>>> print(open('input_34.txt').read())   # compact mmCIF, C-alpha atoms
# COMPACT_ATOMS: atom_id res chain seq x y z
CA MET A 1 0.00 0.00 0.00
CA SER A 2 1.77 3.09 -1.22
CA SER A 3 -1.18 5.45 -0.96
CA MET A 4 -1.49 7.07 2.45
CA GLY A 5 -5.08 7.93 1.58
CA ASN A 6 -5.91 4.23 1.21
CA ILE A 7 -4.20 3.41 4.49
CA TRP A 8 -6.24 6.04 6.29
CA SER A 9 -9.48 4.92 4.62
CA LYS A 10 -9.02 1.29 5.66
CA ARG A 11 -8.05 2.26 9.20
CA PHE A 12 -10.95 4.64 9.47
CA LEU A 13 -13.44 2.02 8.25
CA HIS A 14 -12.13 -0.49 10.79
CA TYR A 15 -12.32 2.13 13.54
CA ILE A 16 -15.94 3.06 12.69
CA ASN A 17 -16.96 -0.60 12.64
CA GLU A 18 -15.30 -1.15 16.01
CA VAL A 19 -17.09 1.82 17.55
CA GLN A 20 -20.46 0.84 16.10
CA LYS A 21 -20.04 -2.73 17.33
CA TYR A 22 -20.02 -1.57 20.94
CA MET A 23 -22.14 1.58 20.74
CA ARG A 24 -25.22 -0.45 19.79
CA PHE A 25 -25.05 -1.94 23.28
CA VAL A 26 -24.69 1.48 24.89
CA PHE A 27 -27.76 3.21 23.44
CA THR A 28 -30.29 0.60 24.43
CA GLY A 29 -33.95 1.20 25.24
CA HIS A 30 -33.68 1.98 28.95
CA ILE A 31 -30.69 4.30 28.43
CA ALA A 32 -32.62 6.15 25.71
CA ILE A 33 -35.54 6.62 28.11
CA VAL A 34 -33.20 8.04 30.74
CA PHE A 35 -31.70 10.46 28.20
CA VAL A 36 -35.15 11.63 27.12
CA PHE A 37 -36.20 12.30 30.70
CA VAL A 38 -32.93 14.01 31.61
CA ILE A 39 -32.88 16.24 28.52
CA GLY A 40 -36.55 17.12 28.91
CA ALA A 41 -36.25 17.87 32.60
CA GLY A 42 -33.03 19.81 32.12
CA GLY A 43 -34.59 21.88 29.33
CA TYR A 44 -37.62 22.65 31.47
CA GLN A 45 -35.48 23.69 34.45
CA TYR A 46 -33.30 25.82 32.18
CA SER A 47 -36.28 27.62 30.62
CA GLU A 48 -37.82 28.28 34.04
CA TRP A 49 -34.56 29.71 35.36
CA LEU A 50 -34.20 32.00 32.34
CA LYS A 51 -37.49 33.67 33.32
CA VAL A 52 -35.94 34.90 36.58
CA ALA A 53 -32.30 35.23 35.53
CA PRO A 54 -30.92 38.63 36.64
CA ALA A 55 -29.81 41.08 33.97
CA SER A 56 -26.43 41.36 35.71
CA PHE A 57 -25.70 37.66 35.27
CA PRO A 58 -22.23 37.29 33.64
CA ALA A 59 -23.47 35.19 30.73
CA GLU A 60 -20.63 36.13 28.39
CA TRP A 61 -17.97 34.98 30.84
CA LEU A 62 -19.85 31.78 31.69
CA VAL A 63 -20.25 30.85 28.02
CA ALA A 64 -16.63 31.78 27.28
CA ILE A 65 -15.26 29.67 30.15
CA ILE A 66 -17.32 26.58 29.32
CA VAL A 67 -16.64 26.75 25.58
CA GLY A 68 -12.98 27.64 26.14
CA LEU A 69 -12.46 24.61 28.37
CA ILE A 70 -13.97 22.35 25.72
CA LEU A 71 -11.93 23.91 22.92
CA ALA A 72 -8.64 23.38 24.74
CA PHE A 73 -9.05 19.59 24.82
CA SER A 74 -8.47 18.78 21.14
CA SER A 75 -6.48 15.57 21.24
CA PRO A 76 -5.88 14.31 17.65
CA THR A 77 -7.33 11.00 16.45
CA THR A 78 -4.49 9.57 14.33
CA LEU A 79 -5.34 5.82 14.37
CA ILE A 80 -1.60 5.13 14.47
CA ARG A 81 -0.76 1.54 15.47
CA GLU A 82 2.29 0.04 17.12
CA PRO A 83 3.59 -1.79 13.99
CA ASP A 84 3.63 1.56 12.16
CA GLN A 85 6.87 2.38 13.94
CA VAL A 86 8.50 -0.11 11.56
CA TYR A 87 6.26 -0.59 8.54
CA LEU A 88 5.49 3.06 7.84
CA LEU A 89 9.08 4.27 8.11
CA PRO A 90 9.66 4.02 4.33
CA LEU A 91 6.56 6.17 3.79
CA GLU A 92 7.37 8.79 6.40
CA SER A 93 7.85 11.50 3.76
CA LYS A 94 4.22 11.00 2.71
CA MET A 95 2.73 10.99 6.21
CA SER A 96 1.56 14.59 5.84
CA LEU A 97 -1.37 13.41 3.69
CA TYR A 98 -2.29 10.79 6.29
CA PHE A 99 -2.19 13.32 9.13
CA LYS A 100 -4.21 15.83 7.10
CA LYS A 101 -7.05 13.31 6.82
CA ALA A 102 -6.66 12.45 10.51
CA LEU A 103 -6.96 16.11 11.54
CA ASN A 104 -9.98 16.64 9.30
CA TRP A 105 -11.72 13.75 11.06
CA THR A 106 -10.61 15.05 14.46
CA PHE A 107 -12.14 18.44 13.75
CA SER A 108 -15.35 16.96 12.32
CA SER A 109 -15.85 14.60 15.26
CA GLN A 110 -15.01 17.13 17.99
CA ILE A 111 -16.73 20.28 16.72
CA ALA A 112 -20.14 19.01 17.87
CA LEU A 113 -19.39 19.36 21.60
CA PRO A 114 -18.42 23.08 21.69
CA ALA A 115 -21.14 23.81 19.10
CA ILE A 116 -23.83 22.19 21.27
CA ALA A 117 -22.54 23.97 24.37
CA TYR A 118 -22.71 27.32 22.56
CA ILE A 119 -26.15 26.67 21.06
CA VAL A 120 -27.55 25.68 24.45
CA ALA A 121 -26.23 29.00 25.80
CA ILE A 122 -27.95 31.10 23.10
CA PRO A 123 -31.24 31.46 25.06
CA LEU A 124 -29.21 32.67 28.04
CA LEU A 125 -27.39 35.24 25.89
CA ARG A 126 -30.69 36.49 24.48
CA ALA A 127 -32.25 36.70 27.94
CA VAL A 128 -29.59 38.65 29.85
CA THR A 129 -27.60 40.51 27.15
CA ASP A 130 -28.33 43.02 24.41
CA LEU A 131 -26.60 40.98 21.72
CA THR A 132 -28.29 40.82 18.34
CA GLY A 133 -28.84 37.60 16.46
CA SER A 134 -26.02 38.39 14.03
CA GLN A 135 -23.59 39.00 16.91
CA ILE A 136 -24.51 35.73 18.60
CA TRP A 137 -24.07 33.71 15.40
CA MET A 138 -20.84 35.53 14.67
CA GLY A 139 -19.65 34.17 18.01
CA PHE A 140 -20.65 30.70 16.85
CA GLY A 141 -18.50 31.12 13.75
CA VAL A 142 -15.57 32.21 15.90
CA VAL A 143 -16.00 29.10 18.06
CA ALA A 144 -15.75 26.92 14.93
CA VAL A 145 -12.60 28.74 13.78
CA MET A 146 -11.06 28.43 17.25
CA LYS A 147 -11.79 24.71 17.31
CA TYR A 148 -10.01 24.25 13.99
CA PHE A 149 -6.87 25.99 15.21
CA ASN A 150 -6.97 24.23 18.58
CA VAL A 151 -6.94 20.87 16.79
CA GLN A 152 -4.08 21.93 14.54
CA ILE A 153 -2.03 23.38 17.38
CA GLU A 154 -2.42 20.42 19.73
CA PHE A 155 -1.33 18.04 16.96
CA ASN A 156 1.68 20.18 16.04
CA TYR A 157 2.65 20.61 19.69
CA ARG A 158 2.47 16.87 20.31
CA TYR A 159 4.44 16.23 17.13
CA ALA A 160 7.15 18.76 17.94
CA ASN A 161 7.47 18.02 21.66
CA ARG A 162 6.48 14.33 21.84
CA GLY A 163 3.61 15.30 24.13
CA ARG A 164 5.85 16.66 26.88
CA LEU A 165 4.24 19.33 29.09
CA ILE A 166 1.05 19.22 27.04
CA TRP A 167 -0.80 20.79 29.98
CA ILE A 168 1.10 24.06 29.42
CA ASP A 169 -0.02 24.15 25.80
CA ARG A 170 -3.61 23.37 26.76
CA LEU A 171 -3.66 25.98 29.51
CA THR A 172 -2.33 28.60 27.08
CA ARG A 173 -4.92 27.75 24.44
CA MET A 174 -7.64 27.61 27.06
CA LEU A 175 -6.94 31.16 28.22
CA ILE A 176 -6.75 32.47 24.66
CA SER A 177 -9.97 30.66 23.70
CA ILE A 178 -11.82 32.03 26.73
CA LEU A 179 -10.67 35.57 26.03
CA THR A 180 -11.57 35.26 22.35
CA VAL A 181 -15.13 34.07 22.96
CA GLN A 182 -15.69 36.59 25.75
CA THR A 183 -14.35 39.44 23.63
CA VAL A 184 -16.41 38.61 20.57
CA LEU A 185 -19.54 38.58 22.77
CA THR A 186 -18.78 41.90 24.46
CA THR A 187 -16.65 44.18 22.29
CA GLY A 188 -17.02 42.62 18.86
CA LEU A 189 -14.88 40.87 16.31
CA GLY A 190 -12.13 43.50 16.02
CA ILE A 191 -10.28 42.79 19.27
CA ALA A 192 -11.15 39.08 19.14
CA ALA A 193 -9.29 38.90 15.83
CA ILE A 194 -6.08 39.77 17.70
CA TYR A 195 -6.36 36.61 19.79
CA VAL A 196 -7.08 34.55 16.67
CA ILE A 197 -3.94 36.00 15.04
CA ILE A 198 -1.95 35.01 18.14
CA LEU A 199 -3.17 31.43 17.75
CA ILE A 200 -2.31 31.43 14.05
CA ALA A 201 1.22 32.71 14.78
CA TYR A 202 1.63 30.08 17.50
CA ASN A 203 0.50 27.35 15.09
CA MET A 204 2.92 28.56 12.39
CA SER A 205 5.86 28.45 14.78
CA LEU A 206 4.99 24.88 15.77
CA SER A 207 4.52 23.88 12.12
CA LYS A 208 8.08 24.93 11.33
CA ARG A 209 9.37 22.69 14.13
CA VAL A 210 7.25 19.79 12.86
CA VAL A 211 8.95 19.85 9.45
CA GLU A 212 12.36 19.41 11.07
CA GLN A 213 11.48 16.33 13.17
CA PRO A 214 10.63 12.68 12.47
CA VAL A 215 7.16 11.33 13.17
CA PRO A 216 6.76 10.64 16.92
CA TYR A 217 5.23 7.20 16.41
CA GLU A 218 5.66 6.12 20.02
CA HIS A 219 3.75 9.10 21.37
CA PHE A 220 0.88 8.78 18.88
CA VAL A 221 0.65 5.02 19.49
CA LYS A 222 0.37 5.60 23.23
CA LEU A 223 -2.18 8.37 22.66
CA GLU A 224 -4.34 6.07 20.49
CA GLN A 225 -4.08 3.19 22.91
CA ASN A 226 -5.19 5.37 25.81
CA ARG A 227 -8.06 6.83 23.77
CA MET A 228 -9.38 3.44 22.70
CA MET A 229 -8.94 2.06 26.21
CA ARG A 230 -11.16 4.84 27.55
CA PHE A 231 -13.77 3.93 24.96
CA TYR A 232 -13.56 0.22 25.80
CA ARG A 233 -13.90 0.94 29.51
CA PHE A 234 -16.98 3.03 28.81
CA ALA A 235 -18.47 0.31 26.57
CA ASN A 236 -17.64 -2.31 29.19
CA TYR A 237 -20.24 -0.74 31.49
CA PHE A 238 -22.92 -1.87 29.02
CA THR A 239 -21.50 -5.05 27.48
CA ASP A 240 -18.55 -7.38 27.86
CA VAL A 241 -15.36 -6.25 26.10
CA PRO A 242 -13.24 -9.43 25.90
CA HIS A 243 -9.81 -7.86 25.41
CA LEU A 244 -10.22 -5.24 28.14
CA ARG A 245 -7.91 -5.56 31.11
CA GLY A 246 -9.00 -3.74 34.21
CA SER A 247 -6.53 -1.91 36.42
CA ILE A 248 -6.18 -2.46 40.16
CA ARG A 249 -5.66 0.14 42.88
CA ARG A 250 -4.90 -0.30 46.57
CA ARG A 251 -7.40 2.22 48.04
CA ALA A 252 -6.10 1.83 51.57
CA TRP A 253 -8.52 4.51 52.78
CA LEU A 254 -11.34 1.96 52.35
CA ASP A 255 -9.70 -0.78 54.42
CA PHE A 256 -12.09 -0.08 57.27
CA VAL A 257 -14.85 -1.76 55.23
CA TYR A 258 -13.16 -5.14 55.64
CA ARG A 259 -13.42 -4.91 59.43
CA TRP A 260 -17.17 -5.32 59.19
CA ILE A 261 -16.75 -8.79 57.66
CA PRO A 262 -16.59 -11.55 60.33
CA PHE A 263 -13.32 -13.46 60.49
CA LYS A 264 -14.62 -16.97 59.80
CA LYS A 265 -14.71 -19.55 57.03
CA ASP A 266 -18.27 -18.72 55.95
CA SER A 267 -17.19 -15.14 55.25
CA THR A 268 -14.34 -16.05 52.89
CA GLN A 269 -16.20 -15.08 49.74
CA ALA A 270 -17.62 -11.94 51.33
CA TYR A 271 -14.10 -10.72 52.06
CA LEU A 272 -12.90 -11.56 48.54
CA VAL A 273 -15.92 -9.95 46.83
CA PHE A 274 -15.67 -6.73 48.85
CA ARG A 275 -11.94 -6.59 48.20
CA THR A 276 -12.44 -7.24 44.48
CA PHE A 277 -15.04 -4.49 44.20
CA ILE A 278 -13.03 -1.90 46.09
CA ARG A 279 -9.73 -2.56 44.33
CA THR A 280 -10.94 -3.06 40.74
CA ASP A 281 -11.27 0.24 38.88
CA ASP A 282 -13.94 -0.99 36.47
CA HIS A 283 -16.28 -2.12 39.25
CA PHE A 284 -15.59 0.70 41.69
CA TYR A 285 -15.81 3.58 39.20
CA LEU A 286 -18.94 2.11 37.62
CA TRP A 287 -20.71 2.48 40.96
CA VAL A 288 -19.17 5.92 41.58
CA ARG A 289 -20.18 7.31 38.19
CA LEU A 290 -23.74 6.04 38.17
CA THR A 291 -24.22 7.21 41.75
CA ALA A 292 -22.78 10.63 40.89
CA ILE A 293 -25.07 10.99 37.86
CA SER A 294 -28.11 10.05 39.93
CA ALA A 295 -27.09 12.44 42.71
CA VAL A 296 -26.48 15.38 40.36
CA ILE A 297 -29.84 14.90 38.65
CA ALA A 298 -31.57 14.64 42.00
CA ALA A 299 -29.92 17.89 43.10
CA ILE A 300 -30.69 20.03 40.04
CA VAL A 301 -33.97 18.63 38.70
CA ASN A 302 -37.01 19.58 40.78
CA ILE A 303 -39.48 17.36 38.96
CA PRO A 304 -40.15 14.36 41.26
CA VAL A 305 -41.31 11.97 38.52
CA VAL A 306 -38.14 12.58 36.50
CA THR A 307 -35.91 12.12 39.55
CA TRP A 308 -37.69 8.91 40.49
CA THR A 309 -37.40 7.55 36.96
CA VAL A 310 -33.72 8.36 36.57
CA SER A 311 -32.84 7.09 40.07
CA GLY A 312 -34.69 3.85 39.42
CA ALA A 313 -33.12 3.32 36.00
CA LEU A 314 -29.60 3.97 37.31
CA ALA A 315 -30.22 1.72 40.32
CA PHE A 316 -31.21 -1.05 37.90
CA ALA A 317 -28.15 -0.39 35.71
CA THR A 318 -25.80 -0.36 38.70
CA THR A 319 -27.15 -3.58 40.20
CA ILE A 320 -27.31 -5.67 37.06
CA GLN A 321 -23.91 -4.60 35.73
CA LEU A 322 -22.10 -5.16 39.03
CA LYS A 323 -23.86 -8.49 39.53
CA TYR A 324 -22.76 -9.81 36.15
CA ALA A 325 -19.28 -8.34 36.49
CA LEU A 326 -18.66 -9.96 39.88
CA LEU A 327 -20.22 -13.34 39.06
CA SER A 328 -19.07 -13.93 35.50
CA SER A 329 -15.33 -13.52 35.95
CA GLY A 330 -13.44 -16.12 33.93
CA GLU A 331 -10.14 -15.48 35.66
CA PHE A 332 -8.48 -17.87 38.07
CA ARG A 333 -9.09 -17.05 41.73
CA MET A 334 -7.26 -18.39 44.77
CA ASP A 335 -10.53 -19.43 46.41
CA MET A 336 -10.83 -22.15 43.74
CA LEU A 337 -8.01 -24.03 45.53
CA TYR A 338 -9.78 -24.13 48.89
CA PRO A 339 -12.80 -26.12 50.09
CA VAL A 340 -15.20 -23.18 50.01
CA SER A 341 -18.78 -23.80 48.92
CA SER A 342 -19.59 -22.43 45.47
CA ALA A 343 -22.90 -21.14 46.84
CA GLN A 344 -21.06 -18.60 49.00
CA ARG A 345 -20.04 -16.30 46.14
CA PRO A 346 -23.57 -15.42 44.89
CA LEU A 347 -24.58 -14.73 48.50
CA ALA A 348 -21.49 -12.57 49.01
CA VAL A 349 -22.19 -10.62 45.82
CA ALA A 350 -25.80 -10.07 46.94
CA THR A 351 -24.56 -8.77 50.29
CA LEU A 352 -22.15 -6.37 48.59
CA LEU A 353 -24.80 -5.07 46.20
CA ARG A 354 -27.34 -4.50 48.96
CA PHE A 355 -24.74 -2.57 50.94
CA MET A 356 -23.60 -0.43 48.01
CA MET A 357 -27.16 0.30 46.87
CA PHE A 358 -28.04 1.35 50.41
CA VAL A 359 -25.09 3.77 50.30
CA GLN A 360 -26.23 4.99 46.88
CA ALA A 361 -29.75 5.54 48.22
CA ILE A 362 -28.39 7.64 51.10
CA ILE A 363 -26.23 9.81 48.81
CA VAL A 364 -28.99 10.44 46.28
CA THR A 365 -31.53 11.17 49.03
CA ILE A 366 -29.25 13.75 50.65
CA CYS A 367 -28.82 15.47 47.28
CA SER A 368 -32.60 15.54 46.73
CA ILE A 369 -33.58 16.67 50.20
CA LYS A 370 -34.95 19.99 48.89
CA GLN A 371 -37.39 18.24 46.58
CA PRO A 372 -40.97 17.48 47.54
CA GLN A 373 -41.51 13.84 48.54
CA PHE A 374 -37.77 13.19 48.50
CA PHE A 375 -38.27 10.27 50.90
CA ILE A 376 -39.63 8.19 48.00
CA ILE A 377 -36.25 8.12 46.26
CA PRO A 378 -34.48 5.67 48.65
CA ILE A 379 -37.51 3.39 48.53
CA ILE A 380 -37.36 3.32 44.72
CA ILE A 381 -33.59 2.72 44.62
CA ILE A 382 -33.61 -0.08 47.19
CA ALA A 383 -36.77 -1.72 45.81
CA ILE A 384 -35.59 -1.76 42.18
CA SER A 385 -32.14 -2.94 43.21
CA GLU A 386 -33.62 -5.78 45.25
CA LEU A 387 -36.01 -6.81 42.47
CA THR A 388 -33.16 -6.75 39.94
CA LEU A 389 -31.00 -8.83 42.25
CA ARG A 390 -33.71 -11.43 42.81
CA MET A 391 -35.25 -11.65 39.33
CA THR A 392 -32.11 -11.75 37.15
CA LYS A 393 -30.36 -15.06 36.67
CA ASN A 394 -26.87 -15.64 37.98
CA PRO A 395 -24.27 -16.04 35.22
CA SER A 396 -22.13 -19.15 35.30
CA THR A 397 -19.38 -18.89 37.89
CA ASN A 398 -15.98 -20.51 37.78
>>> encode(input="input_34.txt", output="structure tokens")
Amino acid sequence: MSSMGNIWSKRFLHYINEVQKYMRFVFTGHIAIVFVFVIGAGGYQYSEWLKVAPASFPAEWLVAIIVGLILAFSSPTTLIREPDQVYLLPLESKMSLYFKKALNWTFSSQIALPAIAYIVAIPLLRAVTDLTGSQIWMGFGVVAVMKYFNVQIEFNYRYANRGRLIWIDRLTRMLISILTVQTVLTTGLGIAAIYVIILIAYNMSLSKRVVEQPVPYEHFVKLEQNRMMRFYRFANYFTDVPHLRGSIRRRAWLDFVYRWIPFKKDSTQAYLVFRTFIRTDDHFYLWVRLTAISAVIAAIVNIPVVTWTVSGALAFATTIQLKYALLSSGEFRMDMLYPVSSAQRPLAVATLLRFMMFVQAIIVTICSIKQPQFFIIPIIIIAISELTLRMTKNPSTN
């Protein structure tokens, strides 16, 4: 394959197929229902708040900070693989075409997030500022231009510096992006153009350094591996990803939990299950994230039915995913060498899930304490968790 365009096309097709293969498990029926409720409730709360928003509210700065933060994170999607460090060396002089296609895809795939954030903020800008429609949409155009240059600059910086001190580059671009958006919304395009010119000059200086250096394959390979691993970990919350290896952390600050488990033979599996849950990132952060989402929604959405629905759906998702994750492990465990009854593990998993769902119910209830009938939330969480635990079949254990 001598054409870099063909190499990119084949890699891109494989990448899209890989993403689609797992995303169809993510956007299932119950998740779609949760999204509909959350978006609807959030939109209603937002519209109600706009009716009483003070005229002195710093909308321009808020929009600029949020959009600027998003713009600064413009990591390139290169689809570079580890064997490329050897097999693409003869074609290194033609890699510019490959990277051009990669950056076009990076911009196309990442522009949606800052665009959505800005569009959502348009009602706020209309409500508390004197900006005209043309001024607001001019700001949208500037956001698109800033995203393009942020993508180009981050790629060139990573290329020229092998990713070293990338946080300095991002912080610099973040400040410039914030000032640009804020300026275009307050004083107009004239002064904002100065910040855009600064970005262009910065990008040109990095481009000159890029020409003088070889392709940093190792850095781009590591960047791609980390990006895909984040995607696989996300997809693993909804379906099994066979080649995913979870990481383990000590978490000594949670050792006190083990003291509650009696020191006897019948509690062997309980100790192992609690220890597995606490130390395994995939299991622990799954519970943390779903609990955090439920708590945030309970705190900001004042529509009881929506809060009940979301809390119940996330309680179901937490219980069923942790149950299958803890019972369907195909890895060798030390307890397989000892005369411990196989019936202990399902009971230990049930004990862990009841404990963690009780903690989740407490956290979400505290966050929803200002809502009417907030006391119904823990009942819903515990009831749905218990029903899920009892009515779903146990996967085969090893």
>>> closest_residue(input="input_34.txt", among="A:Leu314, A:Ile320, A:Leu389, A:Leu175", to="Ala361 (chain A)", atoms="only C-alpha atoms")
A:Leu314
>>> atom_distance(input="input_34.txt", atom1="CA of Ala325 (chain A)", atom2="CA of Pro262 (chain A)")
24.2 Å
>>> residues_near_point(input="input_34.txt", point="(-28.5, -2.5, 40.2)", cutoff="8 Å", atoms="only C-alpha atoms", output="MDAnalysis selection string")
chainID A and resid 314:323 353 357 384:386 388:389
>>> closest_residue(input="input_34.txt", among="A:Met229, A:Ile39, A:Ala102, A:Leu71", to="Val241 (chain A)", atoms="all atoms listed in the file")
A:Met229
>>> residues_around(input="input_34.txt", residues="Gln85 (chain A)", least_positions_apart="2", cutoff="10 Å", atoms="only C-alpha atoms", output="VMD selection string")
chain A and resid 80 to 83 87 to 89 92 215 to 218 221
>>> residues_around(input="input_34.txt", residues="Glu48 (chain A)", least_positions_apart="2", cutoff="12 Å", atoms="only C-alpha atoms", output="number ranges by chain")
A: 41-46, 50-53, 123-124, 127, 301-302
>>> closest_residue(input="input_34.txt", among="A:Ser247, A:Ser75, A:Gln360, A:Thr268", to="Ile293 (chain A)", atoms="only C-alpha atoms")
A:Gln360
>>> closest_residue(input="input_34.txt", among="A:Val151, A:Leu62, A:Leu79, A:Val86", to="Leu103 (chain A)", atoms="only C-alpha atoms")
A:Val151
